[in-house]
Structures are given as structure tokens and as C-alpha cells.
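S.K.: There's a structure below that I have some questions on.
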Amino acid sequence: MHAVRSTVAPRRETDPAPGAPSRRALLRTAGLLALTPVAACAGATGARPPAATTPPRRLPPPRAQRARAPEEPDAKPPEPAPGPRTTPPAPPPPVRTRPFARLPRAGHALALTFDDGPDPRWTPEVLAVLAAHDVRATFFVCGRQAAKHPALLRRITEAGHLVGNHTWDHRRLTGLGRAAVEEQIARTSETVRRATGRAPAWFRAPYGEWDRTVYTLGARHGMEPLAWSVDTEDWSRPGAAAITRRVLAGARPGAVVLCHDGGGDRAQTVTALRRFLPRLRADGWDLVRPDRRLTRGAGR
């Protein structure tokens, strides 16, 4: 039996129509499409992702800072708090030939003065009695005592009293040379100025002894000389009754009363103050401080 030969001719691949893609190109395209998921999976395992197509989010601007003034390169550090404010000195007085023993043009008033302090034991007691009677006085201090007790010196001025110069250590000035007198006066005035902010405007020579040199140097340091017209002699401790009697007997317009708050036991002085101050007030006397304005034009 003869084998039957197929008469069916094999299909020949026909050429595509003009402009159409070939079969091979179609197969290549299909293969590439099939590989796309694989590439996506590969990107998830470490491959670099494609660049973002959405614009980046804009961050808010930083908060505006308060403008600071530039520091001056030569700015100085703040200075420490000052001490007591210094009062400008008054014009220097003329050189006198005698001290004031009474207050000029004082009216029905007198001045109460204390020498040789400040003393930590007795000065506070004197201040307490003066405050109880609303009296202002003048304290002629020794520089050595003032240097030891500057706080007490400030307490005197803060209470409204005047501070005068009574030399450094209460020496007789008429027996000293000019340089020694200058030191006694200048050193005390500077001590008072540093403690209170005000240099003394009044000067009292120890023992009431004056000469041309003392007047000249006192005036050079801006001070008027003040003596006294009523000496209570309380330094000798004659008793509170004797001190009181001398004050009341010597009360005159412009009188200057001499007492002491230093240099010894002043218990009798404090007791006498408690007695004669109410009497002076009852008699209508004003207790005042010496006023430099009233010395202008006064005789030398």
C-alpha cells in the first residue's frame, strides 16, 4: 500500500501589509510587556525608585527672631553702685580773724552742738533724745573716731544733723606747725566726706584755741570757724542739774551751746538733755543748725 503523501502545502508566512508591524516586532513588544512586573519587583528589593513626579512639600519659614541691637565693641562694663552721693562744696569763705560765737540773724533760736564723737556708747543715746524732741544739732567729730565708726557718722546725717570738723585727734593746733595743722584738718574733712558724701562746712578748734594759720587752713577747706557762747562744762561731769541750769541761763538769741557726746562718760549729758529740751521748747526756743548763708557779709 502506498503511503499517502500529503498534498497540503505548508503555510508560508506572508509579509505584513505595508505600514503594519511585523510579527517579530509584535513578539518583542509582548516580551517587554511581560517583563515589566519583574522589574517592578526588583525595584522593591533594592533598585533605585524612579524620581517623584509630585513637587516637594514646602516647609514653613523659620520663626522670625527679635532683632538685637549690635553691641558696641568698646562698651564699658557697668560701674559698681556708688556710695553716698557727694554734694558739691560751697564757695570758700573768707579768712576770719575770730570765730563765730553766736549765730548771726538767728532770731528766737539757738544752736545745740556736741564735741569729741562719734562714740558708739553715747552718741546713739544723744540721737534718741534729740529725735524724741524733734531737735536738729551739730556734731563736731574727731577724725579718728569718725574713721572707726563711719556707719554712726552716716546715722547722724541721715537724722538731719550737721557734722563739723574737730580735727583728727583733738590736739592743740596753736602748738603745731603748718603742715601738721593741715593734716589734722584735711584728714578729718576727707573722712567725713567719704562716709557721708558731704565735706564739713564748719570747723571748731580744740580747746577754742585759734590763730592765723588755723583760720587760713580752715577757710581753704571750705569751713567757717564756730566757737560757743554757752559752755555746759559737761566734760567735767558736774551733774545733770548743773548742766541743765547752765543751758537755761545762757539761752539767748543766736546762742551756741557746747556739750559733748564723746571723750568719756556722758550719762549726765544725756540726762540733762531730757530735762532742758522740754523747757526750751516750752519757752518757745527753736533749736537750729548754723546756716552758712547767714554768715555771708558778716565781719571778719
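By order of appearance in the C-alpha cells: chains A, B, ..., then residues from 1 within every chain, and ligands from 1 in the order shown.
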Looking only at the backbone, which of the residues in range 100-255 of chain A does DSSP tag as alpha helix (DSSP H), as a PDB file with N, CA and C atoms, in the first residue's frame?
M.R.:
ATOM      1  N   THR A 123      26.699 108.451 121.653  1.00  0.00           N
ATOM      2  CA  THR A 123      26.091 109.160 120.519  1.00  0.00           C
ATOM      3  C   THR A 123      24.703 108.619 120.181  1.00  0.00           C
ATOM      4  N   PRO A 124      24.481 107.300 120.137  1.00  0.00           N
ATOM      5  CA  PRO A 124      23.116 106.825 119.870  1.00  0.00           C
ATOM      6  C   PRO A 124      22.099 107.296 120.906  1.00  0.00           C
ATOM      7  N   GLU A 125      22.505 107.407 122.183  1.00  0.00           N
ATOM      8  CA  GLU A 125      21.565 107.884 123.205  1.00  0.00           C
ATOM      9  C   GLU A 125      21.242 109.365 123.007  1.00  0.00           C
ATOM     10  N   VAL A 126      22.257 110.141 122.641  1.00  0.00           N
ATOM     11  CA  VAL A 126      22.005 111.558 122.354  1.00  0.00           C
ATOM     12  C   VAL A 126      21.064 111.687 121.156  1.00  0.00           C
ATOM     13  N   LEU A 127      21.293 110.901 120.124  1.00  0.00           N
ATOM     14  CA  LEU A 127      20.431 110.948 118.932  1.00  0.00           C
ATOM     15  C   LEU A 127      18.993 110.581 119.280  1.00  0.00           C
ATOM     16  N   ALA A 128      18.822 109.621 120.176  1.00  0.00           N
ATOM     17  CA  ALA A 128      17.467 109.197 120.542  1.00  0.00           C
ATOM     18  C   ALA A 128      16.718 110.315 121.257  1.00  0.00           C
ATOM     19  N   VAL A 129      17.395 111.025 122.158  1.00  0.00           N
ATOM     20  CA  VAL A 129      16.733 112.126 122.868  1.00  0.00           C
ATOM     21  C   VAL A 129      16.408 113.267 121.907  1.00  0.00           C
ATOM     22  N   LEU A 130      17.329 113.596 121.012  1.00  0.00           N
ATOM     23  CA  LEU A 130      17.080 114.651 120.030  1.00  0.00           C
ATOM     24  C   LEU A 130      15.887 114.293 119.139  1.00  0.00           C
ATOM     25  N   ALA A 131      15.806 113.033 118.726  1.00  0.00           N
ATOM     26  CA  ALA A 131      14.692 112.607 117.873  1.00  0.00           C
ATOM     27  C   ALA A 131      13.364 112.677 118.621  1.00  0.00           C
ATOM     28  N   ALA A 132      13.376 112.355 119.905  1.00  0.00           N
ATOM     29  CA  ALA A 132      12.144 112.396 120.692  1.00  0.00           C
ATOM     30  C   ALA A 132      11.576 113.806 120.787  1.00  0.00           C
ATOM     31  N   GLY A 143      38.325 113.089 113.667  1.00  0.00           N
ATOM     32  CA  GLY A 143      38.506 112.209 112.523  1.00  0.00           C
ATOM     33  C   GLY A 143      38.822 110.770 112.893  1.00  0.00           C
ATOM     34  N   ARG A 144      39.619 110.589 113.941  1.00  0.00           N
ATOM     35  CA  ARG A 144      39.968 109.219 114.343  1.00  0.00           C
ATOM     36  C   ARG A 144      38.721 108.446 114.773  1.00  0.00           C
ATOM     37  N   GLN A 145      37.839 109.090 115.518  1.00  0.00           N
ATOM     38  CA  GLN A 145      36.599 108.436 115.914  1.00  0.00           C
ATOM     39  C   GLN A 145      35.681 108.197 114.708  1.00  0.00           C
ATOM     40  N   ALA A 146      35.629 109.172 113.827  1.00  0.00           N
ATOM     41  CA  ALA A 146      34.781 109.035 112.638  1.00  0.00           C
ATOM     42  C   ALA A 146      35.247 107.886 111.759  1.00  0.00           C
ATOM     43  N   ALA A 147      36.556 107.706 111.630  1.00  0.00           N
ATOM     44  CA  ALA A 147      37.083 106.610 110.814  1.00  0.00           C
ATOM     45  C   ALA A 147      36.742 105.253 111.407  1.00  0.00           C
ATOM     46  N   LYS A 148      36.624 105.177 112.735  1.00  0.00           N
ATOM     47  CA  LYS A 148      36.274 103.916 113.390  1.00  0.00           C
ATOM     48  C   LYS A 148      34.784 103.601 113.274  1.00  0.00           C
ATOM     49  N   PRO A 150      32.129 104.843 110.811  1.00  0.00           N
ATOM     50  CA  PRO A 150      31.503 105.559 109.683  1.00  0.00           C
ATOM     51  C   PRO A 150      29.994 105.361 109.618  1.00  0.00           C
ATOM     52  N   ALA A 151      29.507 104.188 110.009  1.00  0.00           N
ATOM     53  CA  ALA A 151      28.055 103.957 109.986  1.00  0.00           C
ATOM     54  C   ALA A 151      27.342 104.883 110.965  1.00  0.00           C
ATOM     55  N   LEU A 152      27.955 105.120 112.110  1.00  0.00           N
ATOM     56  CA  LEU A 152      27.369 106.036 113.093  1.00  0.00           C
ATOM     57  C   LEU A 152      27.397 107.470 112.565  1.00  0.00           C
ATOM     58  N   LEU A 153      28.440 107.787 111.815  1.00  0.00           N
ATOM     59  CA  LEU A 153      28.521 109.109 111.206  1.00  0.00           C
ATOM     60  C   LEU A 153      27.385 109.307 110.198  1.00  0.00           C
ATOM     61  N   ARG A 154      27.117 108.281 109.409  1.00  0.00           N
ATOM     62  CA  ARG A 154      26.003 108.362 108.451  1.00  0.00           C
ATOM     63  C   ARG A 154      24.659 108.441 109.165  1.00  0.00           C
ATOM     64  N   ARG A 155      24.560 107.761 110.283  1.00  0.00           N
ATOM     65  CA  ARG A 155      23.319 107.821 111.051  1.00  0.00           C
ATOM     66  C   ARG A 155      23.048 109.246 111.527  1.00  0.00           C
ATOM     67  N   ILE A 156      24.094 109.966 111.890  1.00  0.00           N
ATOM     68  CA  ILE A 156      23.937 111.353 112.331  1.00  0.00           C
ATOM     69  C   ILE A 156      23.367 112.203 111.201  1.00  0.00           C
ATOM     70  N   THR A 157      23.950 112.096 110.034  1.00  0.00           N
ATOM     71  CA  THR A 157      23.495 112.924 108.913  1.00  0.00           C
ATOM     72  C   THR A 157      22.129 112.500 108.417  1.00  0.00           C
ATOM     73  N   GLU A 158      21.833 111.200 108.427  1.00  0.00           N
ATOM     74  CA  GLU A 158      20.531 110.733 107.976  1.00  0.00           C
ATOM     75  C   GLU A 158      19.408 111.216 108.898  1.00  0.00           C
ATOM     76  N   ARG A 178      52.548 124.339 110.460  1.00  0.00           N
ATOM     77  CA  ARG A 178      51.522 124.471 109.419  1.00  0.00           C
ATOM     78  C   ARG A 178      51.178 123.129 108.776  1.00  0.00           C
ATOM     79  N   ALA A 179      52.181 122.309 108.496  1.00  0.00           N
ATOM     80  CA  ALA A 179      51.925 121.018 107.855  1.00  0.00           C
ATOM     81  C   ALA A 179      51.107 120.100 108.760  1.00  0.00           C
ATOM     82  N   ALA A 180      51.390 120.127 110.059  1.00  0.00           N
ATOM     83  CA  ALA A 180      50.646 119.289 110.994  1.00  0.00           C
ATOM     84  C   ALA A 180      49.205 119.760 111.132  1.00  0.00           C
ATOM     85  N   VAL A 181      49.001 121.080 111.148  1.00  0.00           N
ATOM     86  CA  VAL A 181      47.635 121.602 111.209  1.00  0.00           C
ATOM     87  C   VAL A 181      46.858 121.214 109.953  1.00  0.00           C
ATOM     88  N   GLU A 182      47.511 121.315 108.797  1.00  0.00           N
ATOM     89  CA  GLU A 182      46.869 120.916 107.540  1.00  0.00           C
ATOM     90  C   GLU A 182      46.435 119.460 107.579  1.00  0.00           C
ATOM     91  N   GLU A 183      47.283 118.596 108.096  1.00  0.00           N
ATOM     92  CA  GLU A 183      46.932 117.173 108.172  1.00  0.00           C
ATOM     93  C   GLU A 183      45.761 116.936 109.111  1.00  0.00           C
ATOM     94  N   GLN A 184      45.751 117.605 110.262  1.00  0.00           N
ATOM     95  CA  GLN A 184      44.664 117.450 111.225  1.00  0.00           C
ATOM     96  C   GLN A 184      43.318 117.841 110.610  1.00  0.00           C
ATOM     97  N   ILE A 185      43.319 118.921 109.840  1.00  0.00           N
ATOM     98  CA  ILE A 185      42.069 119.420 109.257  1.00  0.00           C
ATOM     99  C   ILE A 185      41.669 118.627 108.023  1.00  0.00           C
ATOM    100  N   ALA A 186      42.609 118.476 107.089  1.00  0.00           N
ATOM    101  CA  ALA A 186      42.291 117.838 105.805  1.00  0.00           C
ATOM    102  C   ALA A 186      41.908 116.376 105.979  1.00  0.00           C
ATOM    103  N   ARG A 187      42.621 115.670 106.827  1.00  0.00           N
ATOM    104  CA  ARG A 187      42.339 114.242 107.019  1.00  0.00           C
ATOM    105  C   ARG A 187      40.943 114.025 107.591  1.00  0.00           C
ATOM    106  N   THR A 188      40.538 114.883 108.513  1.00  0.00           N
ATOM    107  CA  THR A 188      39.207 114.739 109.104  1.00  0.00           C
ATOM    108  C   THR A 188      38.114 115.075 108.097  1.00  0.00           C
ATOM    109  N   SER A 189      38.294 116.162 107.346  1.00  0.00           N
ATOM    110  CA  SER A 189      37.285 116.523 106.345  1.00  0.00           C
ATOM    111  C   SER A 189      37.116 115.424 105.306  1.00  0.00           C
ATOM    112  N   GLU A 190      38.200 114.813 104.881  1.00  0.00           N
ATOM    113  CA  GLU A 190      38.106 113.746 103.891  1.00  0.00           C
ATOM    114  C   GLU A 190      37.409 112.512 104.467  1.00  0.00           C
ATOM    115  N   THR A 191      37.656 112.211 105.713  1.00  0.00           N
ATOM    116  CA  THR A 191      36.987 111.073 106.354  1.00  0.00           C
ATOM    117  C   THR A 191      35.476 111.298 106.414  1.00  0.00           C
ATOM    118  N   VAL A 192      35.070 112.498 106.766  1.00  0.00           N
ATOM    119  CA  VAL A 192      33.639 112.823 106.820  1.00  0.00           C
ATOM    120  C   VAL A 192      33.022 112.759 105.423  1.00  0.00           C
ATOM    121  N   ARG A 193      33.729 113.294 104.431  1.00  0.00           N
ATOM    122  CA  ARG A 193      33.198 113.299 103.068  1.00  0.00           C
ATOM    123  C   ARG A 193      32.996 111.881 102.550  1.00  0.00           C
ATOM    124  N   ARG A 194      33.949 111.011 102.797  1.00  0.00           N
ATOM    125  CA  ARG A 194      33.828 109.637 102.318  1.00  0.00           C
ATOM    126  C   ARG A 194      32.666 108.902 102.982  1.00  0.00           C
ATOM    127  N   ALA A 195      32.445 109.168 104.238  1.00  0.00           N
ATOM    128  CA  ALA A 195      31.384 108.458 104.969  1.00  0.00           C
ATOM    129  C   ALA A 195      30.000 108.999 104.654  1.00  0.00           C
ATOM    130  N   THR A 196      29.877 110.305 104.469  1.00  0.00           N
ATOM    131  CA  THR A 196      28.553 110.923 104.351  1.00  0.00           C
ATOM    132  C   THR A 196      28.265 111.519 102.983  1.00  0.00           C
ATOM    133  N   ARG A 212      46.191 132.576 113.159  1.00  0.00           N
ATOM    134  CA  ARG A 212      46.057 132.899 111.738  1.00  0.00           C
ATOM    135  C   ARG A 212      46.151 131.657 110.859  1.00  0.00           C
ATOM    136  N   THR A 213      47.048 130.745 111.185  1.00  0.00           N
ATOM    137  CA  THR A 213      47.195 129.522 110.394  1.00  0.00           C
ATOM    138  C   THR A 213      45.928 128.679 110.449  1.00  0.00           C
ATOM    139  N   VAL A 214      45.332 128.552 111.618  1.00  0.00           N
ATOM    140  CA  VAL A 214      44.113 127.750 111.771  1.00  0.00           C
ATOM    141  C   VAL A 214      42.968 128.361 110.964  1.00  0.00           C
ATOM    142  N   TYR A 215      42.801 129.680 111.044  1.00  0.00           N
ATOM    143  CA  TYR A 215      41.755 130.328 110.255  1.00  0.00           C
ATOM    144  C   TYR A 215      41.987 130.142 108.753  1.00  0.00           C
ATOM    145  N   THR A 216      43.235 130.306 108.337  1.00  0.00           N
ATOM    146  CA  THR A 216      43.548 130.231 106.909  1.00  0.00           C
ATOM    147  C   THR A 216      43.303 128.838 106.351  1.00  0.00           C
ATOM    148  N   LEU A 217      43.779 127.823 107.041  1.00  0.00           N
ATOM    149  CA  LEU A 217      43.620 126.459 106.537  1.00  0.00           C
ATOM    150  C   LEU A 217      42.171 125.989 106.654  1.00  0.00           C
ATOM    151  N   GLY A 218      41.469 126.429 107.693  1.00  0.00           N
ATOM    152  CA  GLY A 218      40.051 126.079 107.769  1.00  0.00           C
ATOM    153  C   GLY A 218      39.276 126.644 106.602  1.00  0.00           C
ATOM    154  N   ALA A 219      39.542 127.920 106.259  1.00  0.00           N
ATOM    155  CA  ALA A 219      38.859 128.536 105.119  1.00  0.00           C
ATOM    156  C   ALA A 219      39.259 127.868 103.808  1.00  0.00           C
ATOM    157  N   ARG A 220      40.512 127.469 103.692  1.00  0.00           N
ATOM    158  CA  ARG A 220      40.963 126.798 102.463  1.00  0.00           C
ATOM    159  C   ARG A 220      40.192 125.507 102.239  1.00  0.00           C
ATOM    160  N   ALA A 240      23.845 116.443 136.213  1.00  0.00           N
ATOM    161  CA  ALA A 240      22.830 116.805 135.221  1.00  0.00           C
ATOM    162  C   ALA A 240      22.135 118.108 135.587  1.00  0.00           C
ATOM    163  N   ALA A 241      21.957 118.383 136.879  1.00  0.00           N
ATOM    164  CA  ALA A 241      21.284 119.605 137.294  1.00  0.00           C
ATOM    165  C   ALA A 241      22.114 120.832 136.926  1.00  0.00           C
ATOM    166  N   ALA A 242      23.436 120.772 137.125  1.00  0.00           N
ATOM    167  CA  ALA A 242      24.305 121.901 136.795  1.00  0.00           C
ATOM    168  C   ALA A 242      24.334 122.135 135.279  1.00  0.00           C
ATOM    169  N   ILE A 243      24.362 121.085 134.510  1.00  0.00           N
ATOM    170  CA  ILE A 243      24.353 121.214 133.052  1.00  0.00           C
ATOM    171  C   ILE A 243      23.056 121.870 132.589  1.00  0.00           C
ATOM    172  N   THR A 244      21.955 121.418 133.153  1.00  0.00           N
ATOM    173  CA  THR A 244      20.646 121.975 132.779  1.00  0.00           C
ATOM    174  C   THR A 244      20.567 123.447 133.141  1.00  0.00           C
ATOM    175  N   ARG A 245      21.025 123.789 134.313  1.00  0.00           N
ATOM    176  CA  ARG A 245      20.968 125.179 134.775  1.00  0.00           C
ATOM    177  C   ARG A 245      21.780 126.097 133.860  1.00  0.00           C
ATOM    178  N   ARG A 246      22.956 125.669 133.433  1.00  0.00           N
ATOM    179  CA  ARG A 246      23.805 126.500 132.577  1.00  0.00           C
ATOM    180  C   ARG A 246      23.187 126.726 131.200  1.00  0.00           C
ATOM    181  N   VAL A 247      22.532 125.697 130.672  1.00  0.00           N
ATOM    182  CA  VAL A 247      21.895 125.846 129.361  1.00  0.00           C
ATOM    183  C   VAL A 247      20.747 126.842 129.437  1.00  0.00           C
ATOM    184  N   LEU A 248      19.883 126.689 130.413  1.00  0.00           N
ATOM    185  CA  LEU A 248      18.714 127.571 130.528  1.00  0.00           C
ATOM    186  C   LEU A 248      19.124 129.007 130.828  1.00  0.00           C
ATOM    187  N   ALA A 249      20.196 129.180 131.614  1.00  0.00           N
ATOM    188  CA  ALA A 249      20.641 130.530 131.951  1.00  0.00           C
ATOM    189  C   ALA A 249      21.289 131.225 130.758  1.00  0.00           C
TER     190      ALA A 249
END
S.K.: Where in range 147-299 of chain A does DSSP assign strand (DSSP E), given as a list in words?
M.R.: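 Of range 147-299 of chain A, the ones in strand (DSSP E) are Leu162, Val163, Gly164, Asn165, Trp202, Phe203, Glu224, Pro225, Val230, Asp231, Val256, Val257, Leu258, Cys259, His260, Asp286, Leu287 and Val288 of chain A.
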S.K.: The selected residues should be written to file as a tab-separated table (two decimals), in the first residue's frame (atoms: N, CA and C atoms).
M.R.:
chain	number	residue	atom	x	y	z
A	162	LEU	N	23.97	118.16	111.39
A	162	LEU	CA	25.19	118.56	110.70
A	162	LEU	C	26.39	117.89	111.34
A	163	VAL	N	27.42	117.68	110.51
A	163	VAL	CA	28.69	117.15	111.01
A	163	VAL	C	29.77	118.20	110.75
A	164	GLY	N	30.48	118.59	111.82
A	164	GLY	CA	31.57	119.55	111.70
A	164	GLY	C	32.92	118.89	111.96
A	165	ASN	N	33.98	119.63	111.67
A	165	ASN	CA	35.36	119.15	111.79
A	165	ASN	C	35.94	119.61	113.14
A	202	TRP	N	31.70	123.51	108.69
A	202	TRP	CA	32.02	124.22	109.93
A	202	TRP	C	33.20	123.53	110.62
A	203	PHE	N	33.99	124.35	111.30
A	203	PHE	CA	35.20	123.85	111.94
A	203	PHE	C	35.28	124.42	113.36
A	224	GLU	N	33.75	127.50	107.89
A	224	GLU	CA	33.67	128.66	108.76
A	224	GLU	C	34.02	128.22	110.19
A	225	PRO	N	34.67	129.08	110.98
A	225	PRO	CA	35.01	128.72	112.36
A	225	PRO	C	33.83	128.99	113.30
A	230	VAL	N	27.79	129.34	125.26
A	230	VAL	CA	27.34	128.67	126.49
A	230	VAL	C	28.15	127.39	126.65
A	231	ASP	N	28.99	127.36	127.69
A	231	ASP	CA	29.79	126.17	127.97
A	231	ASP	C	29.15	125.43	129.14
A	256	VAL	N	25.12	129.62	121.07
A	256	VAL	CA	25.68	128.33	120.66
A	256	VAL	C	26.06	127.58	121.94
A	257	VAL	N	25.42	126.44	122.17
A	257	VAL	CA	25.60	125.66	123.40
A	257	VAL	C	26.60	124.54	123.14
A	258	LEU	N	27.59	124.44	124.02
A	258	LEU	CA	28.62	123.41	123.90
A	258	LEU	C	28.34	122.25	124.85
A	259	CYS	N	28.15	121.03	124.28
A	259	CYS	CA	28.03	119.78	125.04
A	259	CYS	C	29.00	118.77	124.41
A	260	HIS	N	29.02	117.56	124.97
A	260	HIS	CA	29.90	116.51	124.43
A	260	HIS	C	29.14	115.19	124.35
A	286	ASP	N	13.59	127.88	119.26
A	286	ASP	CA	13.86	126.97	118.15
A	286	ASP	C	15.30	126.47	118.27
A	287	LEU	N	15.48	125.17	118.09
A	287	LEU	CA	16.82	124.58	118.12
A	287	LEU	C	17.23	124.35	116.66
A	288	VAL	N	18.23	125.11	116.21
A	288	VAL	CA	18.57	125.12	114.79
A	288	VAL	C	20.03	124.74	114.57
S.K.: Take CA of Pro94 in chain A and CA of Ala201 in chain A and report the distance between them in Å, one decimal.
M.R.: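 So the answer is 12.8 Å.
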S.K.: Would you mind reading off the distance between CA of Pro91 in chain A and CA of His221 in chain A, one decimal, in Å?
M.R.: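 It comes out at 10.0 Å.
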S.K.: Record the distance separating CA of Pro278 in chain A and CA of Phe140 in chain A, expressed in Å with one decimal.
M.R.: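 About the pair CA of Pro278 in chain A and CA of Phe140 in chain A: they are 23.5 Å apart.
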S.K.: Considering only C-alpha atoms, state which residue in the set A:Gly262, A:Ala255, A:Phe276, A:Ala267 is at the smallest distance from Ala109 in chain A.
M.R.: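 Nearest to Ala109 in chain A: A:Ala255.
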S.K.: Could you check which of A:Thr113, A:Thr232, A:Pro120, A:Asp211 is closest to Arg96 in chain A, using only C-alpha atoms?
M.R.: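 Residue with the minimum atom-to-atom distance to Arg96 in chain A: A:Asp211.
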